[in-house]
Amino acid sequence: MLDLLVRRDLKSRYKDSSLGFLWTLIRPLTQLVIYYVVMGQFLGAAKGIPDFAIYVFAGLTVYGLFSEIVLGGVNSVVGNAGLVKKIYLPREVFPLATVGAAIFNFAIQLLVLLLATAVLGVFPWHLDLLYAVPSLAVVMVYGTAFALLLAAVNVYLRDTQYLTEVIMMFLMWASPIVYGWTMVSDILGQGIAMEIYTNNPITLAVLGFHKAFWTSGDASQYPDGLLLRMIIATVIGLVLLVVFHGVFRRLQGNFAQEL
């Protein structure tokens, strides 16, 4: 059932589109051009970040996975109201189907990222490429956890999906995607505010992807103990996943009536 829902989501998304799955690439590439030209060239962010295009696209790729999981998940149950009201099946399959579709789109964007590094002569032939694994673990765990929670809450409070869109926009600009982590460090210093910013799971995931795919960075571009921070964040995320799934299971009993 989960496999069928993933296939249906992917097909329905581009059902009447002439370009089909190419739209999976057009949006992030458009964002890349805008950020590279406006932020990088006009506002001068690229001056302090070598290979700025790879830096930005690496961050957009991993953040895009998290964003698609959460934004797709929040409306997954409401969007399948017909199935929920007609037949019984594990309600978790709906937000999990959005996770599967997001992974498919992410794989395409990741391939483009690797091709871009190869074309520009900065392919990540180093062991730091393994940082992509804990980065993806952080994104997958937190994305799935919040997809389950928000999908359930949105059944009872439909404003949840619009609030989530605003929060996701904020999280994007609160992550070091188009600016360097060191820029934030220079502003906030080394106090508790900087620790909170750095240990934000999305910040850690973006930094991990930069370390994996952006070969122009050095140790000063990242916080100490980045790998340990990501492992701790993943463990906390797994706890949240269990808790949020419990909330989902408690709320799902009245889904059909609410829909």
# chains A, B, ... in the order shown; residues from 1 in each chain; ligands from 1

$ residues_around --residues "His245 of chain A" --least-positions-apart "6" --cutoff "8 Å" --atoms "only C-alpha atoms" --output "PDB file with all heavy atoms, in the first residue's frame"
ATOM      1  N   ALA A 145       9.314  12.587  11.946  1.00  0.00           N
ATOM      2  CA  ALA A 145       8.664  12.858  13.235  1.00  0.00           C
ATOM      3  C   ALA A 145       7.655  13.994  13.113  1.00  0.00           C
ATOM      4  O   ALA A 145       6.494  13.864  13.535  1.00  0.00           O
ATOM      5  CB  ALA A 145       9.713  13.179  14.292  1.00  0.00           C
ATOM      6  N   LEU A 148       4.528  13.202  10.903  1.00  0.00           N
ATOM      7  CA  LEU A 148       3.498  12.447  11.625  1.00  0.00           C
ATOM      8  C   LEU A 148       2.697  13.360  12.557  1.00  0.00           C
ATOM      9  O   LEU A 148       1.461  13.328  12.574  1.00  0.00           O
ATOM     10  CB  LEU A 148       4.148  11.325  12.437  1.00  0.00           C
ATOM     11  CG  LEU A 148       4.642  10.116  11.643  1.00  0.00           C
ATOM     12  CD1 LEU A 148       5.517   9.225  12.516  1.00  0.00           C
ATOM     13  CD2 LEU A 148       3.467   9.318  11.082  1.00  0.00           C
ATOM     14  N   LEU A 149       3.415  14.178  13.325  1.00  0.00           N
ATOM     15  CA  LEU A 149       2.742  15.058  14.280  1.00  0.00           C
ATOM     16  C   LEU A 149       1.831  16.057  13.577  1.00  0.00           C
ATOM     17  O   LEU A 149       0.647  16.199  13.916  1.00  0.00           O
ATOM     18  CB  LEU A 149       3.771  15.794  15.123  1.00  0.00           C
ATOM     19  CG  LEU A 149       3.213  16.851  16.094  1.00  0.00           C
ATOM     20  CD1 LEU A 149       2.381  16.189  17.181  1.00  0.00           C
ATOM     21  CD2 LEU A 149       4.340  17.683  16.697  1.00  0.00           C
TER      22      LEU A 149
END

$ residues_around --residues "Ile202 of chain A" --least-positions-apart "3" --cutoff "10 Å" --atoms "only C-alpha atoms" --output "PDB file with all heavy atoms, in the first residue's frame"
ATOM      1  N   GLY A  59      23.488  22.949   0.422  1.00  0.00           N
ATOM      2  CA  GLY A  59      22.554  23.286   1.488  1.00  0.00           C
ATOM      3  C   GLY A  59      21.110  23.181   1.045  1.00  0.00           C
ATOM      4  O   GLY A  59      20.260  22.658   1.770  1.00  0.00           O
ATOM      5  N   VAL A  62      19.852  19.319   0.822  1.00  0.00           N
ATOM      6  CA  VAL A  62      19.476  18.626   2.057  1.00  0.00           C
ATOM      7  C   VAL A  62      18.294  19.313   2.736  1.00  0.00           C
ATOM      8  O   VAL A  62      17.408  18.649   3.300  1.00  0.00           O
ATOM      9  CB  VAL A  62      20.681  18.513   3.013  1.00  0.00           C
ATOM     10  CG1 VAL A  62      21.078  19.876   3.590  1.00  0.00           C
ATOM     11  CG2 VAL A  62      20.386  17.520   4.126  1.00  0.00           C
ATOM     12  N   TYR A  63      18.243  20.647   2.673  1.00  0.00           N
ATOM     13  CA  TYR A  63      17.093  21.337   3.261  1.00  0.00           C
ATOM     14  C   TYR A  63      15.823  21.041   2.465  1.00  0.00           C
ATOM     15  O   TYR A  63      14.736  20.921   3.045  1.00  0.00           O
ATOM     16  CB  TYR A  63      17.316  22.848   3.315  1.00  0.00           C
ATOM     17  CG  TYR A  63      16.132  23.568   3.932  1.00  0.00           C
ATOM     18  CD1 TYR A  63      15.963  23.604   5.307  1.00  0.00           C
ATOM     19  CD2 TYR A  63      15.161  24.169   3.128  1.00  0.00           C
ATOM     20  CE1 TYR A  63      14.858  24.225   5.878  1.00  0.00           C
ATOM     21  CE2 TYR A  63      14.061  24.787   3.692  1.00  0.00           C
ATOM     22  CZ  TYR A  63      13.914  24.815   5.059  1.00  0.00           C
ATOM     23  OH  TYR A  63      12.808  25.420   5.612  1.00  0.00           O
ATOM     24  N   PHE A  66      14.172  17.879   3.737  1.00  0.00           N
ATOM     25  CA  PHE A  66      13.436  18.097   4.979  1.00  0.00           C
ATOM     26  C   PHE A  66      12.144  18.858   4.723  1.00  0.00           C
ATOM     27  O   PHE A  66      11.080  18.486   5.224  1.00  0.00           O
ATOM     28  CB  PHE A  66      14.315  18.871   5.960  1.00  0.00           C
ATOM     29  CG  PHE A  66      13.625  19.221   7.250  1.00  0.00           C
ATOM     30  CD1 PHE A  66      13.420  18.268   8.232  1.00  0.00           C
ATOM     31  CD2 PHE A  66      13.172  20.510   7.483  1.00  0.00           C
ATOM     32  CE1 PHE A  66      12.772  18.583   9.419  1.00  0.00           C
ATOM     33  CE2 PHE A  66      12.525  20.837   8.660  1.00  0.00           C
ATOM     34  CZ  PHE A  66      12.332  19.876   9.636  1.00  0.00           C
ATOM     35  N   SER A 135      24.038  13.380   8.259  1.00  0.00           N
ATOM     36  CA  SER A 135      23.212  14.523   7.866  1.00  0.00           C
ATOM     37  C   SER A 135      21.847  14.051   7.398  1.00  0.00           C
ATOM     38  O   SER A 135      20.813  14.601   7.791  1.00  0.00           O
ATOM     39  CB  SER A 135      23.893  15.322   6.754  1.00  0.00           C
ATOM     40  OG  SER A 135      25.093  15.906   7.197  1.00  0.00           O
ATOM     41  N   VAL A 138      19.718  12.781  10.326  1.00  0.00           N
ATOM     42  CA  VAL A 138      19.081  13.869  11.071  1.00  0.00           C
ATOM     43  C   VAL A 138      17.833  14.356  10.347  1.00  0.00           C
ATOM     44  O   VAL A 138      16.757  14.498  10.944  1.00  0.00           O
ATOM     45  CB  VAL A 138      20.070  15.039  11.277  1.00  0.00           C
ATOM     46  CG1 VAL A 138      19.349  16.266  11.835  1.00  0.00           C
ATOM     47  CG2 VAL A 138      21.196  14.627  12.217  1.00  0.00           C
ATOM     48  N   VAL A 139      17.959  14.599   9.043  1.00  0.00           N
ATOM     49  CA  VAL A 139      16.839  15.120   8.261  1.00  0.00           C
ATOM     50  C   VAL A 139      15.687  14.119   8.200  1.00  0.00           C
ATOM     51  O   VAL A 139      14.515  14.484   8.375  1.00  0.00           O
ATOM     52  CB  VAL A 139      17.314  15.478   6.834  1.00  0.00           C
ATOM     53  CG1 VAL A 139      16.125  15.710   5.917  1.00  0.00           C
ATOM     54  CG2 VAL A 139      18.192  16.717   6.872  1.00  0.00           C
ATOM     55  N   TYR A 142      13.960  13.732  11.895  1.00  0.00           N
ATOM     56  CA  TYR A 142      13.162  14.899  12.295  1.00  0.00           C
ATOM     57  C   TYR A 142      12.034  15.170  11.293  1.00  0.00           C
ATOM     58  O   TYR A 142      10.922  15.537  11.695  1.00  0.00           O
ATOM     59  CB  TYR A 142      14.051  16.132  12.438  1.00  0.00           C
ATOM     60  CG  TYR A 142      14.801  16.169  13.742  1.00  0.00           C
ATOM     61  CD1 TYR A 142      16.058  15.585  13.849  1.00  0.00           C
ATOM     62  CD2 TYR A 142      14.255  16.767  14.873  1.00  0.00           C
ATOM     63  CE1 TYR A 142      16.752  15.605  15.046  1.00  0.00           C
ATOM     64  CE2 TYR A 142      14.936  16.788  16.076  1.00  0.00           C
ATOM     65  CZ  TYR A 142      16.191  16.204  16.156  1.00  0.00           C
ATOM     66  OH  TYR A 142      16.867  16.211  17.351  1.00  0.00           O
ATOM     67  N   GLY A 143      12.316  14.998  10.009  1.00  0.00           N
ATOM     68  CA  GLY A 143      11.279  15.216   9.006  1.00  0.00           C
ATOM     69  C   GLY A 143      10.112  14.262   9.195  1.00  0.00           C
ATOM     70  O   GLY A 143       8.946  14.675   9.170  1.00  0.00           O
ATOM     71  N   LEU A 171      12.902  28.690   8.839  1.00  0.00           N
ATOM     72  CA  LEU A 171      13.983  27.737   9.090  1.00  0.00           C
ATOM     73  C   LEU A 171      15.027  27.767   7.978  1.00  0.00           C
ATOM     74  O   LEU A 171      16.216  27.570   8.228  1.00  0.00           O
ATOM     75  CB  LEU A 171      13.414  26.324   9.222  1.00  0.00           C
ATOM     76  CG  LEU A 171      12.779  25.955  10.560  1.00  0.00           C
ATOM     77  CD1 LEU A 171      12.211  24.548  10.507  1.00  0.00           C
ATOM     78  CD2 LEU A 171      13.807  26.075  11.688  1.00  0.00           C
ATOM     79  N   MET A 172      14.579  27.992   6.766  1.00  0.00           N
ATOM     80  CA  MET A 172      15.523  28.041   5.652  1.00  0.00           C
ATOM     81  C   MET A 172      16.517  29.183   5.823  1.00  0.00           C
ATOM     82  O   MET A 172      17.731  29.013   5.681  1.00  0.00           O
ATOM     83  CB  MET A 172      14.769  28.194   4.333  1.00  0.00           C
ATOM     84  CG  MET A 172      15.700  28.312   3.146  1.00  0.00           C
ATOM     85  SD  MET A 172      14.814  28.456   1.598  1.00  0.00           S
ATOM     86  CE  MET A 172      16.187  28.858   0.516  1.00  0.00           C
ATOM     87  N   ALA A 174      17.157  30.634   8.583  1.00  0.00           N
ATOM     88  CA  ALA A 174      17.853  30.462   9.854  1.00  0.00           C
ATOM     89  C   ALA A 174      18.927  29.390   9.768  1.00  0.00           C
ATOM     90  O   ALA A 174      19.584  29.087  10.770  1.00  0.00           O
ATOM     91  CB  ALA A 174      16.856  30.110  10.958  1.00  0.00           C
ATOM     92  N   SER A 175      19.108  28.816   8.594  1.00  0.00           N
ATOM     93  CA  SER A 175      20.135  27.795   8.371  1.00  0.00           C
ATOM     94  C   SER A 175      21.235  28.378   7.480  1.00  0.00           C
ATOM     95  O   SER A 175      20.949  29.203   6.611  1.00  0.00           O
ATOM     96  CB  SER A 175      19.517  26.563   7.704  1.00  0.00           C
ATOM     97  OG  SER A 175      18.421  26.078   8.461  1.00  0.00           O
ATOM     98  N   PRO A 176      22.481  27.951   7.660  1.00  0.00           N
ATOM     99  CA  PRO A 176      23.601  28.517   6.890  1.00  0.00           C
ATOM    100  C   PRO A 176      23.658  27.980   5.466  1.00  0.00           C
ATOM    101  O   PRO A 176      24.585  27.268   5.086  1.00  0.00           O
ATOM    102  CB  PRO A 176      24.824  28.089   7.703  1.00  0.00           C
ATOM    103  CG  PRO A 176      24.403  26.804   8.340  1.00  0.00           C
ATOM    104  CD  PRO A 176      22.937  26.960   8.652  1.00  0.00           C
ATOM    105  N   TYR A 197      21.780  28.029  18.092  1.00  0.00           N
ATOM    106  CA  TYR A 197      21.754  28.110  16.636  1.00  0.00           C
ATOM    107  C   TYR A 197      22.490  26.918  16.005  1.00  0.00           C
ATOM    108  O   TYR A 197      21.978  26.281  15.079  1.00  0.00           O
ATOM    109  CB  TYR A 197      22.394  29.412  16.161  1.00  0.00           C
ATOM    110  CG  TYR A 197      22.554  29.481  14.664  1.00  0.00           C
ATOM    111  CD1 TYR A 197      21.494  29.867  13.852  1.00  0.00           C
ATOM    112  CD2 TYR A 197      23.762  29.133  14.047  1.00  0.00           C
ATOM    113  CE1 TYR A 197      21.625  29.910  12.472  1.00  0.00           C
ATOM    114  CE2 TYR A 197      23.899  29.174  12.672  1.00  0.00           C
ATOM    115  CZ  TYR A 197      22.838  29.565  11.890  1.00  0.00           C
ATOM    116  OH  TYR A 197      22.968  29.583  10.528  1.00  0.00           O
ATOM    117  N   THR A 198      23.668  26.624  16.521  1.00  0.00           N
ATOM    118  CA  THR A 198      24.491  25.559  15.939  1.00  0.00           C
ATOM    119  C   THR A 198      23.857  24.192  16.100  1.00  0.00           C
ATOM    120  O   THR A 198      23.902  23.363  15.189  1.00  0.00           O
ATOM    121  CB  THR A 198      25.889  25.563  16.589  1.00  0.00           C
ATOM    122  OG1 THR A 198      26.511  26.832  16.369  1.00  0.00           O
ATOM    123  CG2 THR A 198      26.771  24.477  15.985  1.00  0.00           C
ATOM    124  N   ASN A 199      23.256  23.940  17.261  1.00  0.00           N
ATOM    125  CA  ASN A 199      22.692  22.615  17.542  1.00  0.00           C
ATOM    126  C   ASN A 199      21.279  22.426  17.007  1.00  0.00           C
ATOM    127  O   ASN A 199      20.664  21.386  17.264  1.00  0.00           O
ATOM    128  CB  ASN A 199      22.728  22.346  19.043  1.00  0.00           C
ATOM    129  CG  ASN A 199      24.157  22.185  19.547  1.00  0.00           C
ATOM    130  OD1 ASN A 199      24.964  21.490  18.942  1.00  0.00           O
ATOM    131  ND2 ASN A 199      24.482  22.835  20.646  1.00  0.00           N
ATOM    132  N   ALA A 205      22.522  19.455   9.884  1.00  0.00           N
ATOM    133  CA  ALA A 205      22.406  18.701   8.638  1.00  0.00           C
ATOM    134  C   ALA A 205      23.009  19.468   7.467  1.00  0.00           C
ATOM    135  O   ALA A 205      23.718  18.894   6.626  1.00  0.00           O
ATOM    136  CB  ALA A 205      20.940  18.375   8.356  1.00  0.00           C
ATOM    137  N   VAL A 206      22.755  20.769   7.402  1.00  0.00           N
ATOM    138  CA  VAL A 206      23.316  21.601   6.333  1.00  0.00           C
ATOM    139  C   VAL A 206      24.839  21.648   6.435  1.00  0.00           C
ATOM    140  O   VAL A 206      25.551  21.498   5.437  1.00  0.00           O
ATOM    141  CB  VAL A 206      22.719  23.025   6.387  1.00  0.00           C
ATOM    142  CG1 VAL A 206      23.466  23.952   5.430  1.00  0.00           C
ATOM    143  CG2 VAL A 206      21.241  22.991   6.028  1.00  0.00           C
ATOM    144  N   LEU A 207      25.356  21.831   7.648  1.00  0.00           N
ATOM    145  CA  LEU A 207      26.804  21.853   7.847  1.00  0.00           C
ATOM    146  C   LEU A 207      27.428  20.517   7.464  1.00  0.00           C
ATOM    147  O   LEU A 207      28.513  20.469   6.866  1.00  0.00           O
ATOM    148  CB  LEU A 207      27.134  22.182   9.308  1.00  0.00           C
ATOM    149  CG  LEU A 207      26.862  23.622   9.749  1.00  0.00           C
ATOM    150  CD1 LEU A 207      27.070  23.762  11.256  1.00  0.00           C
ATOM    151  CD2 LEU A 207      27.766  24.599   9.006  1.00  0.00           C
ATOM    152  N   GLY A 208      26.744  19.419   7.801  1.00  0.00           N
ATOM    153  CA  GLY A 208      27.253  18.103   7.433  1.00  0.00           C
ATOM    154  C   GLY A 208      27.296  17.901   5.930  1.00  0.00           C
ATOM    155  O   GLY A 208      28.246  17.320   5.397  1.00  0.00           O
ATOM    156  N   MET A 230      25.788  15.763  15.556  1.00  0.00           N
ATOM    157  CA  MET A 230      24.773  15.160  14.695  1.00  0.00           C
ATOM    158  C   MET A 230      24.278  13.837  15.273  1.00  0.00           C
ATOM    159  O   MET A 230      23.087  13.512  15.164  1.00  0.00           O
ATOM    160  CB  MET A 230      25.335  14.957  13.278  1.00  0.00           C
ATOM    161  CG  MET A 230      25.475  16.251  12.488  1.00  0.00           C
ATOM    162  SD  MET A 230      25.774  15.985  10.717  1.00  0.00           S
ATOM    163  CE  MET A 230      27.456  15.360  10.757  1.00  0.00           C
ATOM    164  N   ALA A 233      21.932  14.725  18.062  1.00  0.00           N
ATOM    165  CA  ALA A 233      20.682  15.239  17.478  1.00  0.00           C
ATOM    166  C   ALA A 233      19.832  14.098  16.928  1.00  0.00           C
ATOM    167  O   ALA A 233      18.599  14.110  17.059  1.00  0.00           O
ATOM    168  CB  ALA A 233      20.994  16.247  16.377  1.00  0.00           C
TER     169      ALA A 233
END

$ closest_residue --among "A:Tyr156, A:Phe57, A:Tyr222, A:Tyr36" --to "Ala116 of chain A" --atoms "only C-alpha atoms"
A:Phe57

$ residues_around --residues "Ala107 of chain A" --least-positions-apart "6" --cutoff "12 Å" --atoms "only C-alpha atoms" --output "count of residues only"
12

$ closest_residue --among "A:Ile231, A:Ala53, A:Ala256, A:Val78" --to "Trp214 of chain A" --atoms "only C-alpha atoms"
A:Ala53

$ residues_around --residues "Val155 of chain A" --least-positions-apart "5" --cutoff "10 Å" --atoms "only C-alpha atoms" --output "PDB file with all heavy atoms, in the first residue's frame"
ATOM      1  N   VAL A  74       2.291  17.293   6.275  1.00  0.00           N
ATOM      2  CA  VAL A  74       1.282  18.021   7.035  1.00  0.00           C
ATOM      3  C   VAL A  74      -0.101  17.911   6.391  1.00  0.00           C
ATOM      4  O   VAL A  74      -1.129  17.905   7.084  1.00  0.00           O
ATOM      5  CB  VAL A  74       1.692  19.501   7.199  1.00  0.00           C
ATOM      6  CG1 VAL A  74       1.645  20.234   5.874  1.00  0.00           C
ATOM      7  CG2 VAL A  74       0.799  20.205   8.216  1.00  0.00           C
ATOM      8  N   ASN A  75      -0.161  17.780   5.090  1.00  0.00           N
ATOM      9  CA  ASN A  75      -1.452  17.705   4.386  1.00  0.00           C
ATOM     10  C   ASN A  75      -1.772  16.295   3.903  1.00  0.00           C
ATOM     11  O   ASN A  75      -2.732  16.095   3.163  1.00  0.00           O
ATOM     12  CB  ASN A  75      -1.451  18.662   3.200  1.00  0.00           C
ATOM     13  CG  ASN A  75      -2.846  18.998   2.704  1.00  0.00           C
ATOM     14  OD1 ASN A  75      -3.759  19.241   3.494  1.00  0.00           O
ATOM     15  ND2 ASN A  75      -3.035  18.980   1.397  1.00  0.00           N
ATOM     16  N   SER A  76      -0.973  15.318   4.316  1.00  0.00           N
ATOM     17  CA  SER A  76      -1.094  13.971   3.758  1.00  0.00           C
ATOM     18  C   SER A  76      -2.391  13.272   4.156  1.00  0.00           C
ATOM     19  O   SER A  76      -3.023  12.609   3.324  1.00  0.00           O
ATOM     20  CB  SER A  76       0.103  13.114   4.186  1.00  0.00           C
ATOM     21  OG  SER A  76       0.194  13.044   5.607  1.00  0.00           O
ATOM     22  N   VAL A  77      -2.805  13.398   5.410  1.00  0.00           N
ATOM     23  CA  VAL A  77      -4.034  12.732   5.852  1.00  0.00           C
ATOM     24  C   VAL A  77      -5.257  13.453   5.288  1.00  0.00           C
ATOM     25  O   VAL A  77      -6.172  12.833   4.747  1.00  0.00           O
ATOM     26  CB  VAL A  77      -4.106  12.666   7.391  1.00  0.00           C
ATOM     27  CG1 VAL A  77      -5.446  12.075   7.840  1.00  0.00           C
ATOM     28  CG2 VAL A  77      -2.960  11.825   7.940  1.00  0.00           C
ATOM     29  N   VAL A  78      -5.273  14.787   5.399  1.00  0.00           N
ATOM     30  CA  VAL A  78      -6.403  15.573   4.877  1.00  0.00           C
ATOM     31  C   VAL A  78      -6.538  15.370   3.369  1.00  0.00           C
ATOM     32  O   VAL A  78      -7.647  15.264   2.840  1.00  0.00           O
ATOM     33  CB  VAL A  78      -6.210  17.065   5.204  1.00  0.00           C
ATOM     34  CG1 VAL A  78      -7.288  17.906   4.533  1.00  0.00           C
ATOM     35  CG2 VAL A  78      -6.237  17.286   6.709  1.00  0.00           C
ATOM     36  N   GLY A  79      -5.416  15.309   2.682  1.00  0.00           N
ATOM     37  CA  GLY A  79      -5.457  15.122   1.239  1.00  0.00           C
ATOM     38  C   GLY A  79      -5.952  13.755   0.809  1.00  0.00           C
ATOM     39  O   GLY A  79      -6.316  13.561  -0.356  1.00  0.00           O
ATOM     40  N   ALA A  81      -8.518  12.200   2.414  1.00  0.00           N
ATOM     41  CA  ALA A  81      -9.745  12.058   3.208  1.00  0.00           C
ATOM     42  C   ALA A  81     -10.664  10.970   2.655  1.00  0.00           C
ATOM     43  O   ALA A  81     -11.305  10.240   3.423  1.00  0.00           O
ATOM     44  CB  ALA A  81     -10.488  13.395   3.249  1.00  0.00           C
ATOM     45  N   LEU A 150       2.366  16.746  12.585  1.00  0.00           N
ATOM     46  CA  LEU A 150       1.614  17.805  11.924  1.00  0.00           C
ATOM     47  C   LEU A 150       0.479  17.256  11.073  1.00  0.00           C
ATOM     48  O   LEU A 150      -0.561  17.904  10.919  1.00  0.00           O
ATOM     49  CB  LEU A 150       2.558  18.641  11.063  1.00  0.00           C
ATOM     50  CG  LEU A 150       3.632  19.416  11.845  1.00  0.00           C
ATOM     51  CD1 LEU A 150       4.628  20.067  10.893  1.00  0.00           C
ATOM     52  CD2 LEU A 150       2.997  20.456  12.752  1.00  0.00           C
ATOM     53  N   THR A 160      -2.866  24.621  10.498  1.00  0.00           N
ATOM     54  CA  THR A 160      -1.539  24.059  10.745  1.00  0.00           C
ATOM     55  C   THR A 160      -0.683  24.062   9.481  1.00  0.00           C
ATOM     56  O   THR A 160       0.512  24.374   9.521  1.00  0.00           O
ATOM     57  CB  THR A 160      -1.656  22.620  11.272  1.00  0.00           C
ATOM     58  OG1 THR A 160      -2.428  22.623  12.480  1.00  0.00           O
ATOM     59  CG2 THR A 160      -0.285  22.025  11.559  1.00  0.00           C
ATOM     60  N   GLN A 161      -1.282  23.730   8.334  1.00  0.00           N
ATOM     61  CA  GLN A 161      -0.499  23.657   7.109  1.00  0.00           C
ATOM     62  C   GLN A 161       0.033  25.021   6.690  1.00  0.00           C
ATOM     63  O   GLN A 161       1.171  25.125   6.193  1.00  0.00           O
ATOM     64  CB  GLN A 161      -1.334  23.050   5.986  1.00  0.00           C
ATOM     65  CG  GLN A 161      -2.556  23.859   5.577  1.00  0.00           C
ATOM     66  CD  GLN A 161      -3.439  23.096   4.617  1.00  0.00           C
ATOM     67  OE1 GLN A 161      -4.282  22.284   4.996  1.00  0.00           O
ATOM     68  NE2 GLN A 161      -3.243  23.360   3.327  1.00  0.00           N
ATOM     69  N   LEU A 251      -4.492  10.349  18.189  1.00  0.00           N
ATOM     70  CA  LEU A 251      -5.400  11.260  17.492  1.00  0.00           C
ATOM     71  C   LEU A 251      -6.101  10.627  16.307  1.00  0.00           C
ATOM     72  O   LEU A 251      -7.130  11.122  15.849  1.00  0.00           O
ATOM     73  CB  LEU A 251      -4.626  12.498  17.017  1.00  0.00           C
ATOM     74  CG  LEU A 251      -4.062  13.420  18.100  1.00  0.00           C
ATOM     75  CD1 LEU A 251      -3.268  14.555  17.462  1.00  0.00           C
ATOM     76  CD2 LEU A 251      -5.175  13.988  18.977  1.00  0.00           C
ATOM     77  N   GLN A 252      -5.561   9.534  15.778  1.00  0.00           N
ATOM     78  CA  GLN A 252      -6.102   8.982  14.527  1.00  0.00           C
ATOM     79  C   GLN A 252      -7.478   8.346  14.689  1.00  0.00           C
ATOM     80  O   GLN A 252      -8.182   8.139  13.692  1.00  0.00           O
ATOM     81  CB  GLN A 252      -5.130   7.955  13.961  1.00  0.00           C
ATOM     82  CG  GLN A 252      -5.033   6.657  14.749  1.00  0.00           C
ATOM     83  CD  GLN A 252      -4.181   5.628  14.047  1.00  0.00           C
ATOM     84  OE1 GLN A 252      -3.941   5.706  12.844  1.00  0.00           O
ATOM     85  NE2 GLN A 252      -3.700   4.649  14.794  1.00  0.00           N
ATOM     86  N   ASN A 254     -10.253   9.531  15.569  1.00  0.00           N
ATOM     87  CA  ASN A 254     -11.357  10.388  15.111  1.00  0.00           C
ATOM     88  C   ASN A 254     -11.101  11.033  13.754  1.00  0.00           C
ATOM     89  O   ASN A 254     -11.798  11.975  13.380  1.00  0.00           O
ATOM     90  CB  ASN A 254     -11.640  11.481  16.146  1.00  0.00           C
ATOM     91  CG  ASN A 254     -12.178  10.918  17.453  1.00  0.00           C
ATOM     92  OD1 ASN A 254     -12.973   9.976  17.449  1.00  0.00           O
ATOM     93  ND2 ASN A 254     -11.747  11.492  18.570  1.00  0.00           N
ATOM     94  N   PHE A 255     -10.105  10.545  13.027  1.00  0.00           N
ATOM     95  CA  PHE A 255      -9.787  11.137  11.731  1.00  0.00           C
ATOM     96  C   PHE A 255     -10.989  11.120  10.790  1.00  0.00           C
ATOM     97  O   PHE A 255     -11.321  12.132  10.153  1.00  0.00           O
ATOM     98  CB  PHE A 255      -8.629  10.386  11.066  1.00  0.00           C
ATOM     99  CG  PHE A 255      -7.273  10.790  11.571  1.00  0.00           C
ATOM    100  CD1 PHE A 255      -6.118  10.184  11.093  1.00  0.00           C
ATOM    101  CD2 PHE A 255      -7.120  11.792  12.533  1.00  0.00           C
ATOM    102  CE1 PHE A 255      -4.866  10.550  11.534  1.00  0.00           C
ATOM    103  CE2 PHE A 255      -5.867  12.162  12.998  1.00  0.00           C
ATOM    104  CZ  PHE A 255      -4.751  11.537  12.495  1.00  0.00           C
ATOM    105  N   ALA A 256     -11.650   9.965  10.686  1.00  0.00           N
ATOM    106  CA  ALA A 256     -12.756   9.841   9.735  1.00  0.00           C
ATOM    107  C   ALA A 256     -13.891  10.802  10.081  1.00  0.00           C
ATOM    108  O   ALA A 256     -14.473  11.438   9.187  1.00  0.00           O
ATOM    109  CB  ALA A 256     -13.276   8.406   9.752  1.00  0.00           C
ATOM    110  N   GLN A 257     -14.195  10.940  11.376  1.00  0.00           N
ATOM    111  CA  GLN A 257     -15.275  11.853  11.791  1.00  0.00           C
ATOM    112  C   GLN A 257     -14.902  13.304  11.501  1.00  0.00           C
ATOM    113  O   GLN A 257     -15.739  14.097  11.062  1.00  0.00           O
ATOM    114  CB  GLN A 257     -15.564  11.681  13.281  1.00  0.00           C
ATOM    115  CG  GLN A 257     -16.174  10.340  13.651  1.00  0.00           C
ATOM    116  CD  GLN A 257     -15.110   9.283  13.945  1.00  0.00           C
ATOM    117  OE1 GLN A 257     -14.016   9.313  13.363  1.00  0.00           O
ATOM    118  NE2 GLN A 257     -15.431   8.355  14.830  1.00  0.00           N
ATOM    119  N   GLU A 258     -13.653  13.682  11.756  1.00  0.00           N
ATOM    120  CA  GLU A 258     -13.227  15.069  11.555  1.00  0.00           C
ATOM    121  C   GLU A 258     -13.179  15.435  10.080  1.00  0.00           C
ATOM    122  O   GLU A 258     -13.412  16.569   9.699  1.00  0.00           O
ATOM    123  CB  GLU A 258     -11.855  15.291  12.196  1.00  0.00           C
ATOM    124  CG  GLU A 258     -11.840  15.246  13.706  1.00  0.00           C
ATOM    125  CD  GLU A 258     -12.609  16.399  14.318  1.00  0.00           C
ATOM    126  OE1 GLU A 258     -12.629  17.483  13.699  1.00  0.00           O
ATOM    127  OE2 GLU A 258     -13.190  16.223  15.406  1.00  0.00           O
ATOM    128  N   LEU A 259     -12.861  14.434   9.243  1.00  0.00           N
ATOM    129  CA  LEU A 259     -12.755  14.694   7.821  1.00  0.00           C
ATOM    130  C   LEU A 259     -14.112  14.671   7.122  1.00  0.00           C
ATOM    131  O   LEU A 259     -14.237  15.123   6.003  1.00  0.00           O
ATOM    132  CB  LEU A 259     -11.803  13.664   7.165  1.00  0.00           C
ATOM    133  CG  LEU A 259     -10.338  13.766   7.612  1.00  0.00           C
ATOM    134  CD1 LEU A 259      -9.552  12.578   7.097  1.00  0.00           C
ATOM    135  CD2 LEU A 259      -9.706  15.059   7.106  1.00  0.00           C
TER     136      LEU A 259
END

$ atom_distance --atom1 "atom CA of Gly82 of chain A" --atom2 "atom CA of Ile167 of chain A"
28.3 Å

$ residues_around --residues "segment 180-182 of chain A" --least-positions-apart "3" --cutoff "12 Å" --atoms "only C-alpha atoms" --output "number ranges by chain"
A: 39-40, 45-50, 52, 55-56, 59, 173-177, 185-190, 194-195, 197-199, 203-204, 206-208, 210-211, 217-223

$ atom_distance --atom1 "atom CA of Ser67 of chain A" --atom2 "atom CA of Asp128 of chain A"
24.4 Å

$ atom_distance --atom1 "atom CA of Ala102 of chain A" --atom2 "atom CA of Leu4 of chain A"
14.7 Å
